[in-house]
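**Student:** Have a peek at structure_36.pdb (PDB, N, CA and C atoms).
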MODEL        1
ATOM      1  N   MET A   1     206.771 259.692  81.011
ATOM      2  CA  MET A   1     205.534 259.909  81.723
ATOM      3  C   MET A   1     205.774 259.865  83.233
ATOM      4  N   LEU A   2     206.477 258.845  83.713
ATOM      5  CA  LEU A   2     206.736 258.767  85.154
ATOM      6  C   LEU A   2     208.029 259.472  85.541
ATOM      7  N   GLY A   3     208.663 260.112  84.583
ATOM      8  CA  GLY A   3     209.924 260.788  84.873
ATOM      9  C   GLY A   3     209.751 262.009  85.758
ATOM     10  N   ASN A   4     208.619 262.663  85.709
ATOM     11  CA  ASN A   4     208.396 263.881  86.486
ATOM     12  C   ASN A   4     207.826 263.612  87.874
ATOM     13  N   ILE A   5     207.501 262.370  88.193
ATOM     14  CA  ILE A   5     206.891 262.038  89.485
ATOM     15  C   ILE A   5     208.015 261.683  90.454
ATOM     16  N   SER A   6     207.843 262.079  91.706
ATOM     17  CA  SER A   6     208.868 261.786  92.712
ATOM     18  C   SER A   6     208.907 260.291  93.029
ATOM     19  N   ILE A   7     210.015 259.877  93.587
ATOM     20  CA  ILE A   7     210.225 258.458  93.900
ATOM     21  C   ILE A   7     209.195 257.959  94.916
ATOM     22  N   GLY A   8     208.798 258.789  95.860
ATOM     23  CA  GLY A   8     207.794 258.404  96.867
ATOM     24  C   GLY A   8     206.445 258.113  96.225
ATOM     25  N   LYS A   9     206.066 258.943  95.240
ATOM     26  CA  LYS A   9     204.791 258.717  94.555
ATOM     27  C   LYS A   9     204.857 257.456  93.696
ATOM     28  N   LYS A  10     206.014 257.215  93.087
ATOM     29  CA  LYS A  10     206.171 255.991  92.285
ATOM     30  C   LYS A  10     206.018 254.747  93.165
ATOM     31  N   ILE A  11     206.649 254.776  94.336
ATOM     32  CA  ILE A  11     206.541 253.650  95.275
ATOM     33  C   ILE A  11     205.094 253.501  95.744
ATOM     34  N   GLY A  12     204.435 254.608  96.023
ATOM     35  CA  GLY A  12     203.033 254.576  96.455
ATOM     36  C   GLY A  12     202.121 254.019  95.378
ATOM     37  N   ILE A  13     202.328 254.425  94.126
ATOM     38  CA  ILE A  13     201.523 253.903  93.019
ATOM     39  C   ILE A  13     201.770 252.411  92.841
ATOM     40  N   GLY A  14     203.035 252.008  92.910
ATOM     41  CA  GLY A  14     203.357 250.580  92.797
ATOM     42  C   GLY A  14     202.719 249.765  93.909
ATOM     43  N   PHE A  15     202.780 250.280  95.122
ATOM     44  CA  PHE A  15     202.168 249.592  96.257
ATOM     45  C   PHE A  15     200.653 249.512  96.085
ATOM     46  N   GLY A  16     200.042 250.586  95.611
ATOM     47  CA  GLY A  16     198.596 250.600  95.374
ATOM     48  C   GLY A  16     198.183 249.584  94.317
ATOM     49  N   VAL A  17     198.969 249.474  93.251
ATOM     50  CA  VAL A  17     198.688 248.489  92.203
ATOM     51  C   VAL A  17     198.800 247.067  92.762
ATOM     52  N   CYS A  18     199.832 246.837  93.572
ATOM     53  CA  CYS A  18     199.991 245.501  94.187
ATOM     54  C   CYS A  18     198.817 245.171  95.106
ATOM     55  N   ILE A  19     198.373 246.138  95.890
ATOM     56  CA  ILE A  19     197.226 245.916  96.786
ATOM     57  C   ILE A  19     195.961 245.650  95.974
ATOM     58  N   ALA A  20     195.759 246.384  94.882
ATOM     59  CA  ALA A  20     194.580 246.171  94.031
ATOM     60  C   ALA A  20     194.605 244.772  93.414
ATOM     61  N   LEU A  21     195.772 244.355  92.927
ATOM     62  CA  LEU A  21     195.887 243.000  92.365
ATOM     63  C   LEU A  21     195.655 241.933  93.427
ATOM     64  N   LEU A  22     196.163 242.169  94.627
ATOM     65  CA  LEU A  22     195.953 241.229  95.727
ATOM     66  C   LEU A  22     194.467 241.126  96.082
ATOM     67  N   GLY A  23     193.780 242.267  96.095
ATOM     68  CA  GLY A  23     192.339 242.260  96.369
ATOM     69  C   GLY A  23     191.567 241.510  95.295
ATOM     70  N   ALA A  24     191.936 241.730  94.020
ATOM     71  CA  ALA A  24     191.267 241.016  92.926
ATOM     72  C   ALA A  24     191.507 239.516  93.043
ATOM     73  N   LEU A  25     192.724 239.131  93.389
ATOM     74  CA  LEU A  25     193.049 237.713  93.559
ATOM     75  C   LEU A  25     192.261 237.103  94.713
ATOM     76  N   ALA A  26     192.086 237.863  95.791
ATOM     77  CA  ALA A  26     191.317 237.362  96.940
ATOM     78  C   ALA A  26     189.859 237.126  96.561
ATOM     79  N   VAL A  27     189.273 238.047  95.791
ATOM     80  CA  VAL A  27     187.871 237.893  95.376
ATOM     81  C   VAL A  27     187.717 236.689  94.463
ATOM     82  N   ILE A  28     188.611 236.539  93.504
ATOM     83  CA  ILE A  28     188.552 235.398  92.587
ATOM     84  C   ILE A  28     188.727 234.087  93.355
ATOM     85  N   SER A  29     189.649 234.069  94.320
ATOM     86  CA  SER A  29     189.868 232.857  95.121
ATOM     87  C   SER A  29     188.637 232.521  95.955
ATOM     88  N   TRP A  30     187.994 233.524  96.520
ATOM     89  CA  TRP A  30     186.792 233.310  97.340
ATOM     90  C   TRP A  30     185.694 232.642  96.518
ATOM     91  N   PHE A  31     185.459 233.151  95.306
ATOM     92  CA  PHE A  31     184.442 232.551  94.450
ATOM     93  C   PHE A  31     184.831 231.139  94.033
ATOM     94  N   GLY A  32     186.105 230.910  93.804
ATOM     95  CA  GLY A  32     186.570 229.570  93.447
ATOM     96  C   GLY A  32     186.365 228.573  94.572
ATOM     97  N   ILE A  33     186.644 228.983  95.784
ATOM     98  CA  ILE A  33     186.463 228.094  96.938
ATOM     99  C   ILE A  33     184.986 227.776  97.141
ATOM    100  N   ASN A  34     184.129 228.770  97.013
ATOM    101  CA  ASN A  34     182.690 228.523  97.162
ATOM    102  C   ASN A  34     182.175 227.576  96.085
ATOM    103  N   THR A  35     182.644 227.745  94.863
ATOM    104  CA  THR A  35     182.223 226.861  93.776
ATOM    105  C   THR A  35     182.701 225.435  94.026
ATOM    106  N   SER A  36     183.933 225.290  94.482
ATOM    107  CA  SER A  36     184.442 223.940  94.741
ATOM    108  C   SER A  36     183.708 223.290  95.911
ATOM    109  N   GLN A  37     183.306 224.075  96.899
ATOM    110  CA  GLN A  37     182.553 223.522  98.022
ATOM    111  C   GLN A  37     181.212 222.965  97.547
ATOM    112  N   GLU A  38     180.544 223.685  96.656
ATOM    113  CA  GLU A  38     179.284 223.177  96.108
ATOM    114  C   GLU A  38     179.513 221.903  95.312
ATOM    115  N   GLY A  39     180.606 221.862  94.570
ATOM    116  CA  GLY A  39     180.927 220.661  93.800
ATOM    117  C   GLY A  39     181.193 219.469  94.700
ATOM    118  N   PHE A  40     181.920 219.682  95.803
ATOM    119  CA  PHE A  40     182.190 218.598  96.733
ATOM    120  C   PHE A  40     180.913 218.111  97.409
ATOM    121  N   THR A  41     179.999 219.025  97.694
ATOM    122  CA  THR A  41     178.729 218.638  98.298
ATOM    123  C   THR A  41     177.930 217.750  97.345
ATOM    124  N   LYS A  42     177.902 218.133  96.071
ATOM    125  CA  LYS A  42     177.211 217.304  95.077
ATOM    126  C   LYS A  42     177.888 215.943  94.939
ATOM    127  N   TYR A  43     179.215 215.948  94.930
ATOM    128  CA  TYR A  43     179.963 214.689  94.814
ATOM    129  C   TYR A  43     179.672 213.781  96.005
ATOM    130  N   ARG A  44     179.578 214.347  97.191
ATOM    131  CA  ARG A  44     179.301 213.541  98.386
ATOM    132  C   ARG A  44     177.941 212.865  98.268
ATOM    133  N   GLY A  45     176.945 213.604  97.775
ATOM    134  CA  GLY A  45     175.617 213.015  97.599
ATOM    135  C   GLY A  45     175.637 211.881  96.590
ATOM    136  N   ILE A  46     176.350 212.079  95.493
ATOM    137  CA  ILE A  46     176.456 211.027  94.477
ATOM    138  C   ILE A  46     177.190 209.818  95.041
ATOM    139  N   ALA A  47     178.259 210.058  95.790
ATOM    140  CA  ALA A  47     179.030 208.949  96.364
ATOM    141  C   ALA A  47     178.188 208.161  97.369
ATOM    142  N   ARG A  48     177.401 208.855  98.175
ATOM    143  CA  ARG A  48     176.545 208.150  99.140
ATOM    144  C   ARG A  48     175.509 207.290  98.430
ATOM    145  N   ASN A  49     174.937 207.818  97.343
ATOM    146  CA  ASN A  49     173.974 207.028  96.577
ATOM    147  C   ASN A  49     174.634 205.800  95.965
ATOM    148  N   ASN A  50     175.862 205.961  95.485
ATOM    149  CA  ASN A  50     176.570 204.819  94.903
ATOM    150  C   ASN A  50     176.867 203.751  95.941
ATOM    151  N   VAL A  51     177.231 204.175  97.146
ATOM    152  CA  VAL A  51     177.478 203.213  98.223
ATOM    153  C   VAL A  51     176.202 202.457  98.546
ATOM    154  N   LEU A  52     175.102 203.177  98.631
ATOM    155  CA  LEU A  52     173.823 202.538  98.926
ATOM    156  C   LEU A  52     173.450 201.540  97.841
ATOM    157  N   MET A  53     173.618 201.925  96.594
ATOM    158  CA  MET A  53     173.282 201.018  95.490
ATOM    159  C   MET A  53     174.185 199.783  95.500
ATOM    160  N   GLY A  54     175.442 199.954  95.826
ATOM    161  CA  GLY A  54     176.348 198.816  95.924
ATOM    162  C   GLY A  54     175.921 197.847  97.012
ATOM    163  N   ARG A  55     175.487 198.393  98.121
ATOM    164  CA  ARG A  55     175.039 197.525  99.218
ATOM    165  C   ARG A  55     173.735 196.817  98.869
ATOM    166  N   VAL A  56     172.841 197.509  98.180
ATOM    167  CA  VAL A  56     171.606 196.865  97.739
ATOM    168  C   VAL A  56     171.927 195.728  96.783
ATOM    169  N   GLN A  57     172.858 195.975  95.874
ATOM    170  CA  GLN A  57     173.237 194.938  94.918
ATOM    171  C   GLN A  57     173.859 193.742  95.649
ATOM    172  N   ALA A  58     174.698 194.010  96.636
ATOM    173  CA  ALA A  58     175.301 192.919  97.401
ATOM    174  C   ALA A  58     174.236 192.117  98.143
ATOM    175  N   ASN A  59     173.245 192.798  98.703
ATOM    176  CA  ASN A  59     172.162 192.104  99.400
ATOM    177  C   ASN A  59     171.335 191.264  98.439
ATOM    178  N   LEU A  60     171.096 191.786  97.243
ATOM    179  CA  LEU A  60     170.360 191.000  96.248
ATOM    180  C   LEU A  60     171.144 189.756  95.834
ATOM    181  N   LEU A  61     172.442 189.914  95.674
ATOM    182  CA  LEU A  61     173.261 188.744  95.330
ATOM    183  C   LEU A  61     173.257 187.713  96.452
ATOM    184  N   GLU A  62     173.288 188.191  97.685
ATOM    185  CA  GLU A  62     173.231 187.280  98.825
ATOM    186  C   GLU A  62     171.896 186.530  98.850
ATOM    187  N   ALA A  63     170.808 187.227  98.576
ATOM    188  CA  ALA A  63     169.494 186.587  98.539
ATOM    189  C   ALA A  63     169.408 185.603  97.369
ATOM    190  N   ARG A  64     169.988 185.958  96.237
ATOM    191  CA  ARG A  64     169.986 185.047  95.088
ATOM    192  C   ARG A  64     170.734 183.753  95.404
ATOM    193  N   LEU A  65     171.826 183.879  96.180
ATOM    194  CA  LEU A  65     172.548 182.666  96.579
ATOM    195  C   LEU A  65     171.663 181.766  97.442
ATOM    196  N   GLN A  66     170.889 182.385  98.327
ATOM    197  CA  GLN A  66     170.001 181.587  99.163
ATOM    198  C   GLN A  66     168.890 180.942  98.336
ATOM    199  N   VAL A  67     168.402 181.644  97.314
ATOM    200  CA  VAL A  67     167.394 181.067  96.426
ATOM    201  C   VAL A  67     167.991 179.898  95.656
ATOM    202  N   LYS A  68     169.234 180.061  95.202
ATOM    203  CA  LYS A  68     169.918 178.972  94.507
ATOM    204  C   LYS A  68     170.058 177.759  95.431
ATOM    205  N   ASN A  69     170.418 178.026  96.684
ATOM    206  CA  ASN A  69     170.526 176.927  97.653
ATOM    207  C   ASN A  69     169.181 176.240  97.850
ATOM    208  N   PHE A  70     168.104 177.015  97.873
ATOM    209  CA  PHE A  70     166.781 176.430  98.011
ATOM    210  C   PHE A  70     166.438 175.562  96.807
ATOM    211  N   ILE A  71     166.750 176.049  95.614
ATOM    212  CA  ILE A  71     166.454 175.276  94.404
ATOM    213  C   ILE A  71     167.241 173.977  94.401
ATOM    214  N   GLN A  72     168.498 174.039  94.829
ATOM    215  CA  GLN A  72     169.334 172.843  94.820
ATOM    216  C   GLN A  72     168.954 171.855  95.909
ATOM    217  N   THR A  73     168.673 172.354  97.098
ATOM    218  CA  THR A  73     168.421 171.453  98.223
ATOM    219  C   THR A  73     166.937 171.258  98.517
ATOM    220  N   GLY A  74     166.122 172.257  98.196
ATOM    221  CA  GLY A  74     164.697 172.158  98.487
ATOM    222  C   GLY A  74     164.374 172.393  99.949
ATOM    223  N   SER A  75     165.349 172.873 100.727
ATOM    224  CA  SER A  75     165.105 173.060 102.153
ATOM    225  C   SER A  75     164.349 174.371 102.398
ATOM    226  N   PRO A  76     163.339 174.319 103.248
ATOM    227  CA  PRO A  76     162.585 175.539 103.554
ATOM    228  C   PRO A  76     163.428 176.558 104.323
ATOM    229  N   GLU A  77     164.503 176.102 104.987
ATOM    230  CA  GLU A  77     165.372 177.029 105.721
ATOM    231  C   GLU A  77     166.051 178.010 104.771
ATOM    232  N   ALA A  78     166.461 177.521 103.599
ATOM    233  CA  ALA A  78     167.113 178.395 102.616
ATOM    234  C   ALA A  78     166.128 179.434 102.085
ATOM    235  N   ALA A  79     164.887 179.036 101.850
ATOM    236  CA  ALA A  79     163.877 179.989 101.378
ATOM    237  C   ALA A  79     163.596 181.037 102.449
ATOM    238  N   GLU A  80     163.501 180.578 103.685
ATOM    239  CA  GLU A  80     163.248 181.507 104.780
ATOM    240  C   GLU A  80     164.426 182.459 104.972
ATOM    241  N   GLN A  81     165.634 181.944 104.798
ATOM    242  CA  GLN A  81     166.839 182.769 104.938
ATOM    243  C   GLN A  81     166.885 183.864 103.873
ATOM    244  N   SER A  82     166.517 183.525 102.635
ATOM    245  CA  SER A  82     166.540 184.540 101.564
ATOM    246  C   SER A  82     165.495 185.618 101.818
ATOM    247  N   THR A  83     164.318 185.228 102.286
ATOM    248  CA  THR A  83     163.275 186.207 102.615
ATOM    249  C   THR A  83     163.718 187.078 103.781
ATOM    250  N   LEU A  84     164.345 186.463 104.767
ATOM    251  CA  LEU A  84     164.824 187.202 105.931
ATOM    252  C   LEU A  84     165.912 188.202 105.536
ATOM    253  N   ILE A  85     166.826 187.800 104.671
ATOM    254  CA  ILE A  85     167.894 188.696 104.221
ATOM    255  C   ILE A  85     167.297 189.919 103.535
ATOM    256  N   CYS A  86     166.382 189.699 102.622
ATOM    257  CA  CYS A  86     165.789 190.825 101.883
ATOM    258  C   CYS A  86     165.023 191.761 102.803
ATOM    259  N   SER A  87     164.193 191.217 103.683
ATOM    260  CA  SER A  87     163.347 192.082 104.517
ATOM    261  C   SER A  87     164.172 192.840 105.558
ATOM    262  N   CYS A  88     165.135 192.179 106.177
ATOM    263  CA  CYS A  88     165.934 192.842 107.217
ATOM    264  C   CYS A  88     166.835 193.912 106.627
ATOM    265  N   LYS A  89     167.512 193.595 105.559
ATOM    266  CA  LYS A  89     168.439 194.555 104.957
ATOM    267  C   LYS A  89     167.684 195.769 104.431
ATOM    268  N   LYS A  90     166.547 195.542 103.791
ATOM    269  CA  LYS A  90     165.778 196.658 103.235
ATOM    270  C   LYS A  90     165.281 197.559 104.361
ATOM    271  N   ARG A  91     164.782 196.964 105.427
ATOM    272  CA  ARG A  91     164.264 197.750 106.546
ATOM    273  C   ARG A  91     165.378 198.564 107.200
ATOM    274  N   ASP A  92     166.521 197.943 107.449
ATOM    275  CA  ASP A  92     167.629 198.644 108.100
ATOM    276  C   ASP A  92     168.162 199.769 107.229
ATOM    277  N   GLN A  93     168.301 199.530 105.945
ATOM    278  CA  GLN A  93     168.808 200.574 105.056
ATOM    279  C   GLN A  93     167.820 201.719 104.959
ATOM    280  N   TYR A  94     166.549 201.413 104.875
ATOM    281  CA  TYR A  94     165.528 202.457 104.770
ATOM    282  C   TYR A  94     165.553 203.337 106.008
ATOM    283  N   LYS A  95     165.595 202.725 107.180
ATOM    284  CA  LYS A  95     165.605 203.498 108.417
ATOM    285  C   LYS A  95     166.847 204.367 108.514
ATOM    286  N   ASN A  96     167.996 203.805 108.196
ATOM    287  CA  ASN A  96     169.244 204.541 108.338
ATOM    288  C   ASN A  96     169.326 205.705 107.362
ATOM    289  N   VAL A  97     168.913 205.522 106.128
ATOM    290  CA  VAL A  97     168.984 206.582 105.131
ATOM    291  C   VAL A  97     168.033 207.705 105.493
ATOM    292  N   HIS A  98     166.841 207.389 105.976
ATOM    293  CA  HIS A  98     165.867 208.422 106.291
ATOM    294  C   HIS A  98     166.156 209.123 107.619
ATOM    295  N   ARG A  99     167.077 208.580 108.406
ATOM    296  CA  ARG A  99     167.543 209.296 109.586
ATOM    297  C   ARG A  99     168.677 210.238 109.240
ATOM    298  N   GLY A 100     169.165 210.161 108.011
ATOM    299  CA  GLY A 100     170.272 211.026 107.591
ATOM    300  C   GLY A 100     171.624 210.400 107.806
ATOM    301  N   GLY A 101     171.672 209.138 108.196
ATOM    302  CA  GLY A 101     172.942 208.460 108.400
ATOM    303  C   GLY A 101     173.463 207.868 107.119
ATOM    304  N   THR A 102     174.594 207.218 107.252
ATOM    305  CA  THR A 102     175.135 206.540 106.081
ATOM    306  C   THR A 102     174.435 205.212 105.918
ATOM    307  N   PRO A 103     174.257 204.761 104.686
ATOM    308  CA  PRO A 103     173.591 203.491 104.462
ATOM    309  C   PRO A 103     174.398 202.341 105.038
ATOM    310  N   THR A 104     173.695 201.340 105.570
ATOM    311  CA  THR A 104     174.398 200.170 106.107
ATOM    312  C   THR A 104     174.209 198.987 105.207
TER     313      THR A 104
ENDMDL
END
Mind turning the file's structure into structure tokens?
**Tutor:**
Amino acid sequence: MLGNISIGKKIGIGFGVCIALLGALAVISWFGINTSQEGFTKYRGIARNNVLMGRVQANLLEARLQVKNFIQTGSPEAAEQSTLICSCKKRDQYKNVHRGGTPT
């Protein structure tokens, strides 16, 4: 079949096939990169939520320790400290998240 075609045409056909394959590979790669970018964006949102939840949990544990101290000692300072921890941390986290920053 290719025996009757000149060497120049064979080289041209081969080059054209290589260019077509390269173009197909570029299109497939472009779609792959866009898909991975969307996946990374979703992952970032999930990771930020997890960080926020971890910090909320840490703040709750800190407040629970102050409540435990109040139960053991009966001091009003410990009760006030636990209330202060909860109110300050919640307010700061709420403000920071709604400004678009990272949770503190």
**Student:** Return the single residue from A:Ser82, A:Ile33, A:Ile5, A:Leu22 that is closest to Arg64 (chain A), with distances computed using all atoms listed in the file.
**Tutor:** A:Ser82
**Student:** Could you work out how far atom C of Ala58 (chain A) lies from atom N of Ile85 (chain A), giving the answer in Å with one decimal?
**Tutor:** 10.8 Å
**Student:** Check the smallest atom-to-atom distance from each of A:Leu21, A:Arg44, A:Gln81, A:Lys9 to Glu62 (chain A) using all atoms listed in the file, then report the winner.
**Tutor:**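 Nearest to Glu62 (chain A): A:Gln81.
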**Student:** If the PyMOL selection byres (((chain A and resi 66 and name CA) around 10) and name CA) were run on this exact file, what residues would it hold? Put them as a PyMOL selection string.
**Tutor:** chain A and resi 60-65+67-72+77-83+85
**Student:** State, in Å with one decimal place, the distance from atom C of Gly39 (chain A) to CA of Val51 (chain A).
**Tutor:**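 Going from atom C of Gly39 (chain A) over to CA of Val51 (chain A), I get 17.0 Å.
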